[in-house]
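Structure file model-v6.txt (compact mmCIF, C-alpha atoms) is printed below.
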```txt
# COMPACT_ATOMS: atom_id res chain seq x y z
CA MET A 1 -118.41 37.03 -118.43
CA LEU A 2 -121.58 39.06 -118.83
CA GLU A 3 -124.10 37.77 -121.38
CA LEU A 4 -127.15 39.69 -122.55
CA TYR A 5 -129.92 38.00 -124.53
CA SER A 6 -132.99 39.21 -126.29
CA GLY A 7 -135.91 37.41 -124.60
CA PRO A 8 -135.87 34.47 -122.16
CA LEU A 9 -132.69 32.62 -121.23
CA ASP A 10 -131.95 29.05 -122.28
CA VAL A 11 -131.22 28.00 -118.70
CA PRO A 12 -129.99 24.41 -119.28
CA GLU A 13 -127.66 25.52 -122.07
CA ILE A 14 -126.16 28.35 -119.99
CA LEU A 15 -125.75 26.28 -116.82
CA LYS A 16 -124.10 23.51 -118.83
CA ARG A 17 -121.78 25.78 -120.80
CA TRP A 18 -120.62 27.67 -117.70
CA TYR A 19 -120.03 24.39 -115.85
CA GLU A 20 -118.03 22.91 -118.72
CA ASN A 21 -116.00 26.13 -119.18
CA GLU A 22 -114.66 25.80 -115.64
CA GLU A 23 -114.63 22.02 -115.33
CA ASN A 24 -110.84 21.89 -115.20
CA SER A 25 -110.25 25.17 -113.33
CA ASN A 26 -110.15 23.37 -109.97
CA TYR A 27 -113.05 25.24 -108.42
CA GLY A 28 -114.72 23.21 -105.67
CA ALA A 29 -118.04 25.04 -105.70
CA TYR A 30 -120.32 26.30 -108.49
CA ILE A 31 -123.47 28.11 -107.38
CA PRO A 32 -125.85 29.47 -110.01
CA PHE A 33 -128.83 31.60 -109.08
CA VAL A 34 -131.65 31.34 -111.62
CA GLY A 35 -134.45 33.91 -111.58
CA THR A 36 -137.73 32.89 -113.20
CA VAL A 37 -140.71 35.12 -113.95
CA ARG A 38 -143.57 34.24 -111.60
CA ALA A 39 -147.20 34.33 -112.68
CA GLU A 40 -148.70 36.91 -110.30
CA ASP A 41 -150.87 40.02 -110.49
CA SER A 42 -152.13 38.78 -113.87
CA ILE A 43 -148.94 39.68 -115.72
CA GLU A 44 -148.21 37.98 -119.03
CA ALA A 45 -144.52 38.73 -118.99
CA LEU A 46 -141.87 40.98 -117.54
CA SER A 47 -139.85 43.24 -119.79
CA PHE A 48 -136.40 44.71 -119.20
CA ASP A 49 -134.38 47.73 -120.30
CA ILE A 50 -130.64 47.65 -119.66
CA TYR A 51 -128.09 50.44 -119.75
CA GLU A 52 -125.05 48.48 -120.84
CA PRO A 53 -122.14 50.89 -120.22
CA ILE A 54 -122.85 51.13 -116.49
CA LEU A 55 -123.88 47.48 -116.19
CA ASP A 56 -120.48 46.61 -117.69
CA SER A 57 -118.53 48.69 -115.19
CA TRP A 58 -120.64 47.44 -112.27
CA PHE A 59 -119.94 43.87 -113.39
CA LYS A 60 -116.21 44.50 -113.88
CA ALA A 61 -115.96 45.77 -110.30
CA TRP A 62 -117.56 42.52 -109.15
CA GLU A 63 -115.19 40.43 -111.26
CA GLU A 64 -112.30 42.12 -109.45
CA LYS A 65 -113.87 41.69 -106.04
CA ALA A 66 -114.46 37.98 -106.71
CA GLY A 67 -110.98 37.58 -108.17
CA GLN A 68 -109.42 38.84 -104.95
CA LYS A 69 -111.04 35.88 -103.20
CA GLY A 70 -109.87 33.42 -105.84
CA ALA A 71 -113.43 33.25 -107.12
CA LYS A 72 -115.21 34.09 -110.36
CA VAL A 73 -118.63 35.58 -111.15
CA VAL A 74 -120.61 35.18 -114.37
CA MET A 75 -123.99 36.55 -115.30
CA ALA A 76 -126.67 36.40 -117.98
CA HIS A 77 -129.71 38.67 -118.30
CA SER A 78 -132.58 39.18 -120.70
CA ILE A 79 -133.43 42.34 -122.61
CA GLY A 80 -137.05 42.86 -123.68
CA ASP A 81 -139.98 40.57 -122.94
CA VAL A 82 -139.72 37.42 -120.81
CA PRO A 83 -142.98 35.45 -120.44
CA VAL A 84 -144.10 33.98 -117.11
CA HIS A 85 -142.44 30.66 -116.19
CA THR A 86 -139.34 31.48 -118.25
CA SER A 87 -136.09 32.89 -116.88
CA SER A 88 -134.60 36.37 -117.19
CA TYR A 89 -131.55 36.20 -114.94
CA ILE A 90 -128.75 33.81 -114.06
CA ALA A 91 -125.80 34.73 -111.88
CA ALA A 92 -123.18 32.20 -110.84
CA VAL A 93 -120.14 32.03 -108.62
CA PHE A 94 -117.21 29.64 -108.93
CA SER A 95 -114.86 29.34 -105.96
CA PRO A 96 -112.31 26.90 -104.56
CA LYS A 97 -114.17 26.87 -101.23
CA ARG A 98 -117.84 26.61 -100.42
CA ARG A 99 -118.06 29.37 -97.77
CA VAL A 100 -116.68 31.97 -100.17
CA ALA A 101 -119.10 30.79 -102.86
CA LEU A 102 -122.16 30.81 -100.58
CA GLU A 103 -121.40 34.30 -99.27
CA LEU A 104 -120.47 35.71 -102.66
CA ILE A 105 -123.60 34.56 -104.48
CA ASP A 106 -125.73 36.18 -101.77
CA GLU A 107 -123.84 39.50 -101.86
CA PHE A 108 -123.71 39.51 -105.63
CA VAL A 109 -127.43 38.88 -106.12
CA GLU A 110 -128.38 41.49 -103.51
CA ASP A 111 -126.05 44.12 -104.95
CA PHE A 112 -127.32 43.28 -108.42
CA LYS A 113 -130.88 43.96 -107.25
CA ALA A 114 -129.87 47.26 -105.62
CA SER A 115 -127.42 48.62 -108.19
CA ALA A 116 -127.50 47.06 -111.65
CA PRO A 117 -128.92 49.57 -114.19
CA ILE A 118 -131.82 47.42 -115.31
CA TRP A 119 -135.46 48.51 -115.40
CA LYS A 120 -138.37 46.15 -115.08
CA TYR A 121 -141.83 46.46 -116.59
CA ASP A 122 -144.95 44.34 -116.16
CA ILE A 123 -146.64 43.30 -119.38
CA ILE A 124 -150.39 43.33 -118.70
CA LYS A 125 -152.83 43.08 -121.60
CA GLY A 126 -149.99 43.97 -123.91
CA GLU A 127 -149.17 47.17 -122.01
CA ARG A 128 -145.67 47.79 -120.64
CA ILE A 129 -145.93 49.25 -117.12
CA TYR A 130 -142.83 50.32 -115.13
CA ALA A 131 -142.54 48.20 -111.95
CA LYS A 132 -142.04 51.31 -109.83
CA ASP A 133 -143.11 49.81 -106.51
CA ARG A 134 -140.61 46.95 -106.75
CA SER A 135 -137.75 49.18 -107.89
CA THR A 136 -134.89 50.44 -105.74
CA CYS A 137 -133.18 53.81 -105.90
CA ILE A 138 -129.51 53.35 -106.76
CA LYS A 139 -127.23 54.48 -103.91
CA GLY A 140 -126.71 58.24 -104.15
CA SER A 141 -129.97 58.89 -105.98
CA GLY A 142 -131.65 62.27 -105.69
CA LEU A 143 -128.51 64.31 -106.35
CA LEU A 144 -130.25 66.54 -108.89
CA GLY A 145 -133.41 66.84 -106.81
CA GLU A 146 -131.75 68.31 -103.74
CA VAL A 147 -131.34 71.83 -105.07
CA LYS A 148 -132.89 74.65 -102.98
CA MET B 1 -136.06 14.20 -104.24
CA LEU B 2 -132.83 12.53 -103.16
CA GLU B 3 -130.80 10.90 -105.94
CA LEU B 4 -127.80 8.64 -105.36
CA TYR B 5 -125.47 7.68 -108.20
CA SER B 6 -122.56 5.30 -108.52
CA GLY B 7 -119.58 7.49 -109.54
CA PRO B 8 -119.52 11.11 -110.75
CA LEU B 9 -122.69 13.12 -111.37
CA ASP B 10 -123.84 14.21 -114.82
CA VAL B 11 -124.15 17.84 -113.72
CA PRO B 12 -125.72 19.37 -116.89
CA GLU B 13 -128.30 16.59 -117.10
CA ILE B 14 -129.29 16.94 -113.43
CA LEU B 15 -129.42 20.76 -113.44
CA LYS B 16 -131.53 20.67 -116.59
CA ARG B 17 -133.91 17.97 -115.40
CA TRP B 18 -134.51 19.66 -112.02
CA TYR B 19 -135.08 23.01 -113.74
CA GLU B 20 -137.56 21.55 -116.21
CA ASN B 21 -139.37 19.59 -113.47
CA GLU B 22 -140.24 22.85 -111.72
CA GLU B 23 -140.51 25.14 -114.73
CA ASN B 24 -144.25 25.59 -114.26
CA SER B 25 -144.33 25.46 -110.45
CA ASN B 26 -144.11 29.26 -110.18
CA TYR B 27 -140.88 29.34 -108.18
CA GLY B 28 -139.01 32.61 -108.71
CA ALA B 29 -135.59 31.36 -107.61
CA TYR B 30 -133.65 28.15 -108.32
CA ILE B 31 -130.24 27.90 -106.65
CA PRO B 32 -128.16 24.78 -107.21
CA PHE B 33 -124.92 24.19 -105.33
CA VAL B 34 -122.50 21.97 -107.28
CA GLY B 35 -119.54 20.41 -105.47
CA THR B 36 -116.59 19.35 -107.63
CA VAL B 37 -113.56 17.29 -106.56
CA ARG B 38 -110.50 19.54 -106.44
CA ALA B 39 -107.04 18.33 -107.45
CA GLU B 40 -105.04 18.83 -104.24
CA ASP B 41 -102.69 16.83 -102.01
CA SER B 42 -101.99 14.55 -105.00
CA ILE B 43 -105.34 12.77 -104.79
CA GLU B 44 -106.64 10.95 -107.87
CA ALA B 45 -110.23 10.86 -106.69
CA LEU B 46 -112.47 11.05 -103.67
CA SER B 47 -114.61 8.10 -102.68
CA PHE B 48 -117.83 8.06 -100.65
CA ASP B 49 -119.75 5.66 -98.43
CA ILE B 50 -123.35 6.53 -97.64
CA TYR B 51 -125.69 5.14 -95.00
CA GLU B 52 -128.98 5.49 -96.78
CA PRO B 53 -131.59 4.93 -94.04
CA ILE B 54 -130.37 7.89 -91.97
CA LEU B 55 -129.58 10.04 -95.03
CA ASP B 56 -133.20 9.49 -96.08
CA SER B 57 -134.62 10.63 -92.76
CA TRP B 58 -132.24 13.61 -92.57
CA PHE B 59 -133.35 14.64 -96.05
CA LYS B 60 -137.06 14.14 -95.27
CA ALA B 61 -136.72 16.51 -92.30
CA TRP B 62 -135.23 19.12 -94.66
CA GLU B 63 -138.02 18.63 -97.19
CA GLU B 64 -140.49 19.45 -94.43
CA LYS B 65 -138.51 22.45 -93.22
CA ALA B 66 -138.30 23.83 -96.75
CA GLY B 67 -141.96 23.07 -97.40
CA GLN B 68 -142.97 25.21 -94.44
CA LYS B 69 -141.36 28.16 -96.23
CA GLY B 70 -143.06 27.35 -99.53
CA ALA B 71 -139.72 26.10 -100.83
CA LYS B 72 -138.35 22.79 -102.07
CA VAL B 73 -134.97 21.08 -101.67
CA VAL B 74 -133.49 18.44 -103.97
CA MET B 75 -130.16 16.66 -103.78
CA ALA B 76 -127.89 14.28 -105.68
CA HIS B 77 -124.77 12.56 -104.35
CA SER B 78 -122.22 10.06 -105.57
CA ILE B 79 -121.40 6.69 -104.03
CA GLY B 80 -117.93 5.24 -104.64
CA ASP B 81 -115.10 6.87 -106.58
CA VAL B 82 -115.32 10.37 -108.08
CA PRO B 83 -112.19 11.51 -110.01
CA VAL B 84 -110.74 15.02 -109.63
CA HIS B 85 -112.53 17.68 -111.72
CA THR B 86 -115.79 15.75 -111.68
CA SER B 87 -118.71 16.38 -109.33
CA SER B 88 -119.96 14.37 -106.36
CA TYR B 89 -122.67 16.57 -104.92
CA ILE B 90 -125.51 18.81 -106.07
CA ALA B 91 -128.05 20.38 -103.76
CA ALA B 92 -130.69 22.80 -104.97
CA VAL B 93 -133.40 24.99 -103.56
CA PHE B 94 -136.52 26.25 -105.32
CA SER B 95 -138.46 29.07 -103.70
CA PRO B 96 -140.98 31.73 -104.65
CA LYS B 97 -138.70 34.42 -103.20
CA ARG B 98 -134.96 34.98 -103.49
CA ARG B 99 -134.17 35.70 -99.81
CA VAL B 100 -135.68 32.40 -98.69
CA ALA B 101 -133.74 30.59 -101.42
CA LEU B 102 -130.41 32.25 -100.63
CA GLU B 103 -130.71 31.55 -96.92
CA LEU B 104 -131.99 28.01 -97.36
CA ILE B 105 -129.23 26.86 -99.72
CA ASP B 106 -126.63 28.10 -97.23
CA GLU B 107 -128.25 26.40 -94.23
CA PHE B 108 -128.91 23.22 -96.18
CA VAL B 109 -125.34 22.85 -97.48
CA GLU B 110 -123.84 23.59 -94.04
CA ASP B 111 -126.13 21.13 -92.26
CA PHE B 112 -125.43 18.57 -94.96
CA LYS B 113 -121.70 18.91 -94.27
CA ALA B 114 -122.22 18.58 -90.52
CA SER B 115 -124.89 15.89 -90.35
CA ALA B 116 -125.41 13.81 -93.48
CA PRO B 117 -124.17 10.23 -92.92
CA ILE B 118 -121.61 10.21 -95.71
CA TRP B 119 -117.95 9.27 -95.35
CA LYS B 120 -115.20 10.60 -97.55
CA TYR B 121 -111.97 8.90 -98.57
CA ASP B 122 -108.99 10.17 -100.54
CA ILE B 123 -107.84 7.89 -103.34
CA ILE B 124 -104.03 8.18 -103.48
CA LYS B 125 -102.05 5.68 -105.57
CA GLY B 126 -105.10 3.46 -105.62
CA GLU B 127 -105.40 3.41 -101.83
CA ARG B 128 -108.62 4.49 -100.09
CA ILE B 129 -107.77 6.66 -97.06
CA TYR B 130 -110.48 7.98 -94.69
CA ALA B 131 -110.48 11.80 -94.75
CA LYS B 132 -110.47 11.94 -90.96
CA ASP B 133 -109.06 15.47 -90.60
CA ARG B 134 -111.78 17.01 -92.80
CA SER B 135 -114.60 15.07 -91.15
CA THR B 136 -117.03 16.41 -88.54
CA CYS B 137 -118.49 14.56 -85.56
CA ILE B 138 -122.27 14.36 -85.90
CA LYS B 139 -124.04 16.30 -83.12
CA GLY B 140 -124.31 14.11 -80.03
CA SER B 141 -121.28 11.99 -80.90
CA GLY B 142 -119.31 10.29 -78.12
CA LEU B 143 -122.35 8.85 -76.34
CA LEU B 144 -120.81 5.39 -76.04
CA GLY B 145 -117.38 6.72 -75.09
CA GLU B 146 -118.53 8.64 -72.03
CA VAL B 147 -118.84 5.70 -69.71
CA LYS B 148 -116.78 5.78 -66.48
CA MET C 1 -122.65 71.72 -124.92
CA VAL C 2 -123.34 68.64 -122.82
CA ARG C 3 -125.89 65.95 -123.48
CA VAL C 4 -128.42 64.75 -120.89
CA GLU C 5 -129.91 61.28 -121.36
CA PHE C 6 -132.94 59.87 -119.54
CA LEU C 7 -132.73 56.11 -119.03
CA GLY C 8 -135.26 53.32 -118.58
CA PRO C 9 -138.81 54.43 -117.82
CA ILE C 10 -138.21 58.20 -118.01
CA GLN C 11 -140.10 58.99 -121.19
CA LYS C 12 -138.09 61.96 -122.35
CA GLU C 13 -135.85 62.73 -125.32
CA SER C 14 -132.21 63.59 -124.70
CA LEU C 15 -131.34 67.26 -124.24
CA GLU C 16 -128.35 69.31 -125.41
CA LEU C 17 -127.54 71.97 -122.80
CA GLU C 18 -124.97 74.58 -121.92
CA ALA C 19 -123.70 73.74 -118.42
CA LYS C 20 -120.44 74.18 -116.52
CA SER C 21 -121.24 71.86 -113.63
CA LEU C 22 -123.84 69.37 -112.46
CA ARG C 23 -125.31 72.17 -110.38
CA ASP C 24 -126.22 73.97 -113.61
CA ILE C 25 -127.90 70.80 -114.84
CA ALA C 26 -129.86 70.52 -111.60
CA ASP C 27 -131.02 74.13 -111.93
CA ILE C 28 -132.17 73.67 -115.51
CA LEU C 29 -133.88 70.30 -115.07
CA SER C 30 -135.67 71.28 -111.86
CA GLN C 31 -137.70 73.79 -113.90
CA ASP C 32 -139.37 70.88 -115.69
CA ASP C 33 -142.30 69.76 -113.53
CA GLU C 34 -142.53 66.37 -115.23
CA LEU C 35 -138.99 65.62 -114.12
CA LYS C 36 -139.41 66.53 -110.45
CA GLU C 37 -140.07 63.07 -109.11
CA TRP C 38 -137.44 61.51 -111.35
CA LEU C 39 -134.82 63.97 -110.09
CA ARG C 40 -135.55 62.96 -106.49
CA THR C 41 -135.27 59.23 -107.19
CA SER C 42 -132.65 58.99 -109.94
CA ALA C 43 -128.92 58.42 -109.71
CA VAL C 44 -126.64 60.45 -111.97
CA ALA C 45 -123.72 59.35 -114.12
CA VAL C 46 -121.23 61.56 -115.93
CA ASN C 47 -119.69 59.79 -118.90
CA ASP C 48 -121.04 56.49 -117.56
CA THR C 49 -119.56 56.85 -114.09
CA LEU C 50 -121.96 57.31 -111.17
CA VAL C 51 -121.29 60.54 -109.28
CA SER C 52 -122.24 61.86 -105.86
CA SER C 53 -121.48 65.57 -105.94
CA LEU C 54 -123.12 68.53 -107.72
CA ASP C 55 -119.78 70.32 -107.87
CA ILE C 56 -118.50 68.16 -110.67
CA LYS C 57 -117.22 70.33 -113.54
CA LEU C 58 -118.53 69.50 -116.97
CA ASN C 59 -116.69 69.75 -120.28
CA ASP C 60 -117.93 70.16 -123.80
CA GLY C 61 -119.27 66.81 -125.05
CA ASP C 62 -119.82 65.26 -121.62
CA LYS C 63 -122.71 62.83 -121.27
CA ILE C 64 -124.95 63.05 -118.20
CA SER C 65 -127.31 60.12 -117.57
CA LEU C 66 -130.25 59.89 -115.19
CA LEU C 67 -130.82 56.41 -113.79
CA PRO C 68 -134.26 55.96 -112.17
CA PRO C 69 -134.94 53.21 -109.59
CA VAL C 70 -133.80 49.79 -110.80
CA CYS C 71 -135.09 46.24 -110.57
CA GLY C 72 -133.11 43.63 -112.42
CA GLY C 73 -133.60 39.87 -112.27
CA MET D 1 -130.04 -10.29 -79.05
CA VAL D 2 -129.36 -6.92 -80.65
CA ARG D 3 -127.14 -6.18 -83.63
CA VAL D 4 -124.36 -3.57 -83.61
CA GLU D 5 -123.23 -2.20 -86.98
CA PHE D 6 -120.12 -0.12 -87.63
CA LEU D 7 -120.54 2.32 -90.47
CA GLY D 8 -118.17 4.02 -92.93
CA PRO D 9 -114.50 3.81 -92.09
CA ILE D 10 -114.82 1.67 -88.94
CA GLN D 11 -113.33 -1.57 -90.20
CA LYS D 12 -115.24 -4.00 -88.06
CA GLU D 13 -117.78 -6.73 -88.67
CA SER D 14 -121.24 -6.40 -87.11
CA LEU D 15 -121.75 -7.94 -83.68
CA GLU D 16 -124.70 -9.80 -82.17
CA LEU D 17 -124.94 -9.01 -78.45
CA GLU D 18 -127.16 -9.50 -75.41
CA ALA D 19 -128.01 -6.01 -74.12
CA LYS D 20 -130.93 -4.42 -72.28
CA SER D 21 -129.95 -0.80 -72.81
CA LEU D 22 -127.42 1.35 -74.65
CA ARG D 23 -125.45 1.48 -71.41
CA ASP D 24 -124.85 -2.27 -71.72
CA ILE D 25 -123.61 -1.72 -75.28
CA ALA D 26 -121.25 1.02 -74.07
CA ASP D 27 -119.88 -1.29 -71.37
CA ILE D 28 -119.24 -4.14 -73.79
CA LEU D 29 -117.76 -2.09 -76.65
CA SER D 30 -115.49 -0.03 -74.37
CA GLN D 31 -113.57 -3.22 -73.60
CA ASP D 32 -112.40 -3.30 -77.22
CA ASP D 33 -109.27 -1.10 -77.42
CA GLU D 34 -109.55 -0.73 -81.19
CA LEU D 35 -112.95 0.89 -80.77
CA LYS D 36 -111.97 3.45 -78.12
CA GLU D 37 -111.40 6.39 -80.41
CA TRP D 38 -114.42 5.53 -82.56
CA LEU D 39 -116.64 5.44 -79.46
CA ARG D 40 -115.52 8.96 -78.51
CA THR D 41 -116.17 10.39 -81.98
CA SER D 42 -119.16 8.42 -83.27
CA ALA D 43 -122.84 9.18 -83.10
CA VAL D 44 -125.26 6.37 -82.28
CA ALA D 45 -128.52 5.35 -83.92
CA VAL D 46 -131.06 2.82 -82.68
CA ASN D 47 -133.13 1.39 -85.51
CA ASP D 48 -131.86 4.20 -87.77
CA THR D 49 -132.82 7.04 -85.44
CA LEU D 50 -130.02 9.05 -83.85
CA VAL D 51 -130.19 8.94 -80.05
CA SER D 52 -128.68 11.03 -77.25
CA SER D 53 -129.16 9.02 -74.06
CA LEU D 54 -127.56 5.83 -72.78
CA ASP D 55 -130.72 4.97 -70.87
CA ILE D 56 -132.54 3.87 -73.98
CA LYS D 57 -134.02 0.40 -73.50
CA LEU D 58 -133.25 -2.14 -76.20
CA ASN D 59 -135.50 -4.89 -77.48
CA ASP D 60 -134.73 -8.14 -79.17
CA GLY D 61 -133.84 -7.50 -82.82
CA ASP D 62 -132.93 -3.84 -82.38
CA LYS D 63 -130.21 -2.45 -84.63
CA ILE D 64 -127.57 -0.15 -83.15
CA SER D 65 -125.39 1.79 -85.62
CA LEU D 66 -122.17 3.68 -84.94
CA LEU D 67 -121.68 6.71 -87.21
CA PRO D 68 -118.12 8.06 -87.22
CA PRO D 69 -117.29 11.68 -88.27
CA VAL D 70 -118.86 12.57 -91.62
CA CYS D 71 -117.81 14.57 -94.65
CA GLY D 72 -120.21 14.55 -97.57
CA GLY D 73 -120.02 16.66 -100.68
```
Translate this structure into structure tokens?
Amino acid sequence: MLELYSGPLDVPEILKRWYENEENSNYGAYIPFVGTVRAEDSIEALSFDIYEPILDSWFKAWEEKAGQKGAKVVMAHSIGDVPVHTSSYIAAVFSPKRRVALELIDEFVEDFKASAPIWKYDIIKGERIYAKDRSTCIKGSGLLGEVK
Amino acid sequence: MLELYSGPLDVPEILKRWYENEENSNYGAYIPFVGTVRAEDSIEALSFDIYEPILDSWFKAWEEKAGQKGAKVVMAHSIGDVPVHTSSYIAAVFSPKRRVALELIDEFVEDFKASAPIWKYDIIKGERIYAKDRSTCIKGSGLLGEVK
Amino acid sequence: MVRVEFLGPIQKESLELEAKSLRDIADILSQDDELKEWLRTSAVAVNDTLVSSLDIKLNDGDKISLLPPVCGG
Amino acid sequence: MVRVEFLGPIQKESLELEAKSLRDIADILSQDDELKEWLRTSAVAVNDTLVSSLDIKLNDGDKISLLPPVCGG
């Protein structure tokens, strides 16, 4: 399950709904990761663009990977502006066993950061500035820049 | 914050309250770990005994360890019977940065399993049977059994 | 004709181009100075699948997307 | 007199004993066959602090706790 929302996430509602969805699925461990926008460098908000077709296929590959371990991944992300001290990202893993869950949430969140086609902007004095310095080139980047 | 409850945990309420407590603390990552009782080996429930004085000091040491990294740990656990498909344990980490949070939740949950003075029993046909095979000797165990 | 789309922060309208392979696309786009840095740092998808070779043949109607450095969460 | 408490699954009432050190406690408890396995697998706390040496001196009123193998969560 991949959920996209305009603006900040309703964290308690999402955590509760995901928990209750799987309450009787006999998973022993549920680990959500909640990302909240920090007040730093005088930003008012972060803002996000998402390219959904590739996000969908990236997420589907992770659903399969988790499924092979008897686990399940779910994710929610914001599109557009997310003010400081509100949340833009929740990922969660359900698994029968805790080790699988602890390892999977770590790998998932790190791969999300490195690969998910989402672009972040700082909102400062109403201006939307690409967060270039905190962004990561997707694996294989530069293909079109290598020519002679 | 260490919370002990008689019977199963109200997971949505706890996850929501902890999130809202720290909403304005400028933590970028909130990672709860929720442990749910699995239906296996025909158990009806698990049951827990806790020795609070040593659990308290174990937890205080973790609060300090987390604090040194700018992070915070919180925990809730059940005392007594917890039926299958309900939850007995929630630990959570708050941290400015995701790597600290991901590493801390893993270390915390593993040390909890190895060291926290909590004893688990299977409830099968109303009988309370010590889960000896799944239990771990606390570090330094056997001191009184070493004599001549 | 194929269509080239620039995602996220690349402030550029889509292009319709004649191209037989990704190599043709590379040749055409590298003539645009504003794109130079983006070409070095962007990943490339053909019809929404990330690719890693310039030798990929293109067909009429294919969609090529440039994905600049990402930062979700 | 010191007090020895058996925690969790060790089904045994507390004991009041005369003992000057943990070694004395070990000597006394090891005579109880029912406790043998618990002694091998339990950790020991004096006044709610886990300890790792038998040479620890005990004072009147001290509390010694035996903590058998744990499994929280």
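Atom CA of Val93 of chain B is positioned 7.0 Å from atom CA of Ala71 of chain B.
Across the model, the gap from atom CA of Gly8 of chain D to atom CA of Ala131 of chain B is 11.1 Å.
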Next on the checklist: I want to know what sits within 9 Å of Glu13 of chain D, based on all atoms listed in the file, with residues of the same chain fewer than 6 positions away left out; could you give that as a PyMOL selection string?
Outcome noted: chain D and resi 4-6
Sel. within 12 Å of pt (-135.1, 62.5, -108.2), counting all atoms listed in the file, output as a PDB file with C-alpha atoms, keeping the file's coordinate frame:
```
ATOM      1  CA  CYS A 137    -133.180  53.810-105.900  1.00  0.00           C
ATOM      2  CA  ILE A 138    -129.510  53.350-106.760  1.00  0.00           C
ATOM      3  CA  GLY A 140    -126.710  58.240-104.150  1.00  0.00           C
ATOM      4  CA  SER A 141    -129.970  58.890-105.980  1.00  0.00           C
ATOM      5  CA  GLY A 142    -131.650  62.270-105.690  1.00  0.00           C
ATOM      6  CA  LEU A 143    -128.510  64.310-106.350  1.00  0.00           C
ATOM      7  CA  LEU A 144    -130.250  66.540-108.890  1.00  0.00           C
ATOM      8  CA  GLY A 145    -133.410  66.840-106.810  1.00  0.00           C
ATOM      9  CA  GLU A 146    -131.750  68.310-103.740  1.00  0.00           C
ATOM     10  CA  VAL A 147    -131.340  71.830-105.070  1.00  0.00           C
TER      11      VAL A 147
ATOM     12  CA  PHE C   6    -132.940  59.870-119.540  1.00  0.00           C
ATOM     13  CA  ILE C  10    -138.210  58.200-118.010  1.00  0.00           C
ATOM     14  CA  ALA C  26    -129.860  70.520-111.600  1.00  0.00           C
ATOM     15  CA  LEU C  29    -133.880  70.300-115.070  1.00  0.00           C
ATOM     16  CA  SER C  30    -135.670  71.280-111.860  1.00  0.00           C
ATOM     17  CA  ASP C  33    -142.300  69.760-113.530  1.00  0.00           C
ATOM     18  CA  GLU C  34    -142.530  66.370-115.230  1.00  0.00           C
ATOM     19  CA  LEU C  35    -138.990  65.620-114.120  1.00  0.00           C
ATOM     20  CA  LYS C  36    -139.410  66.530-110.450  1.00  0.00           C
ATOM     21  CA  GLU C  37    -140.070  63.070-109.110  1.00  0.00           C
ATOM     22  CA  TRP C  38    -137.440  61.510-111.350  1.00  0.00           C
ATOM     23  CA  LEU C  39    -134.820  63.970-110.090  1.00  0.00           C
ATOM     24  CA  ARG C  40    -135.550  62.960-106.490  1.00  0.00           C
ATOM     25  CA  THR C  41    -135.270  59.230-107.190  1.00  0.00           C
ATOM     26  CA  SER C  42    -132.650  58.990-109.940  1.00  0.00           C
ATOM     27  CA  ALA C  43    -128.920  58.420-109.710  1.00  0.00           C
ATOM     28  CA  VAL C  44    -126.640  60.450-111.970  1.00  0.00           C
ATOM     29  CA  LEU C  66    -130.250  59.890-115.190  1.00  0.00           C
ATOM     30  CA  LEU C  67    -130.820  56.410-113.790  1.00  0.00           C
ATOM     31  CA  PRO C  68    -134.260  55.960-112.170  1.00  0.00           C
ATOM     32  CA  PRO C  69    -134.940  53.210-109.590  1.00  0.00           C
TER      33      PRO C  69
END
```
Checklist outcome for this item: re atom CA of Ser21 of chain C and atom CA of Lys139 of chain A: distance 20.8 Å
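Residues of protein, DNA or RNA having at least one counted atom within 12 Å of (-129.5, 45.9, -105.5), given only C-alpha atoms, are A:Trp58, A:Asp106, A:Glu107, A:Phe108, A:Val109, A:Glu110, A:Asp111, A:Phe112, A:Lys113, A:Ala114, A:Ser115, A:Ala116, A:Pro117, A:Ile118, A:Trp119, A:Arg134, A:Ser135, A:Thr136, A:Cys137, A:Ile138, A:Lys139, C:Pro69, C:Val70, C:Cys71, C:Gly72, C:Gly73.
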Item to check | Counting all atoms listed in the file, chain A residues within 10 Å of chain B, as a VMD selection string | outcome: chain A and resid 11 to 20 22 to 40 84 to 87 89 to 94 96 to 99 101 to 103 105 to 107 109 to 110
Tell me which protein, DNA and RNA residues are within 10 Å of Phe48 of chain A, counting all atoms listed in the file, leaving out same-chain ones fewer than 3 positions away, and put them as a JSON list (two decimals) with C-alpha atoms, in the frame of the given file.
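Writing done, so here's result35.json:
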```
[["chain", "number", "residue", "atom", "x", "y", "z"],
["A", 6, "SER", "CA", -132.99, 39.21, -126.29],
["A", 7, "GLY", "CA", -135.91, 37.41, -124.60],
["A", 77, "HIS", "CA", -129.71, 38.67, -118.30],
["A", 78, "SER", "CA", -132.58, 39.18, -120.70],
["A", 79, "ILE", "CA", -133.43, 42.34, -122.61],
["A", 80, "GLY", "CA", -137.05, 42.86, -123.68],
["A", 81, "ASP", "CA", -139.98, 40.57, -122.94],
["A", 82, "VAL", "CA", -139.72, 37.42, -120.81],
["A", 88, "SER", "CA", -134.60, 36.37, -117.19],
["A", 118, "ILE", "CA", -131.82, 47.42, -115.31],
["A", 119, "TRP", "CA", -135.46, 48.51, -115.40],
["A", 120, "LYS", "CA", -138.37, 46.15, -115.08],
["A", 121, "TYR", "CA", -141.83, 46.46, -116.59],
["A", 122, "ASP", "CA", -144.95, 44.34, -116.16],
["A", 128, "ARG", "CA", -145.67, 47.79, -120.64],
["A", 130, "TYR", "CA", -142.83, 50.32, -115.13],
["C", 8, "GLY", "CA", -135.26, 53.32, -118.58],
["C", 71, "CYS", "CA", -135.09, 46.24, -110.57],
["C", 72, "GLY", "CA", -133.11, 43.63, -112.42],
["C", 73, "GLY", "CA", -133.60, 39.87, -112.27]]
```
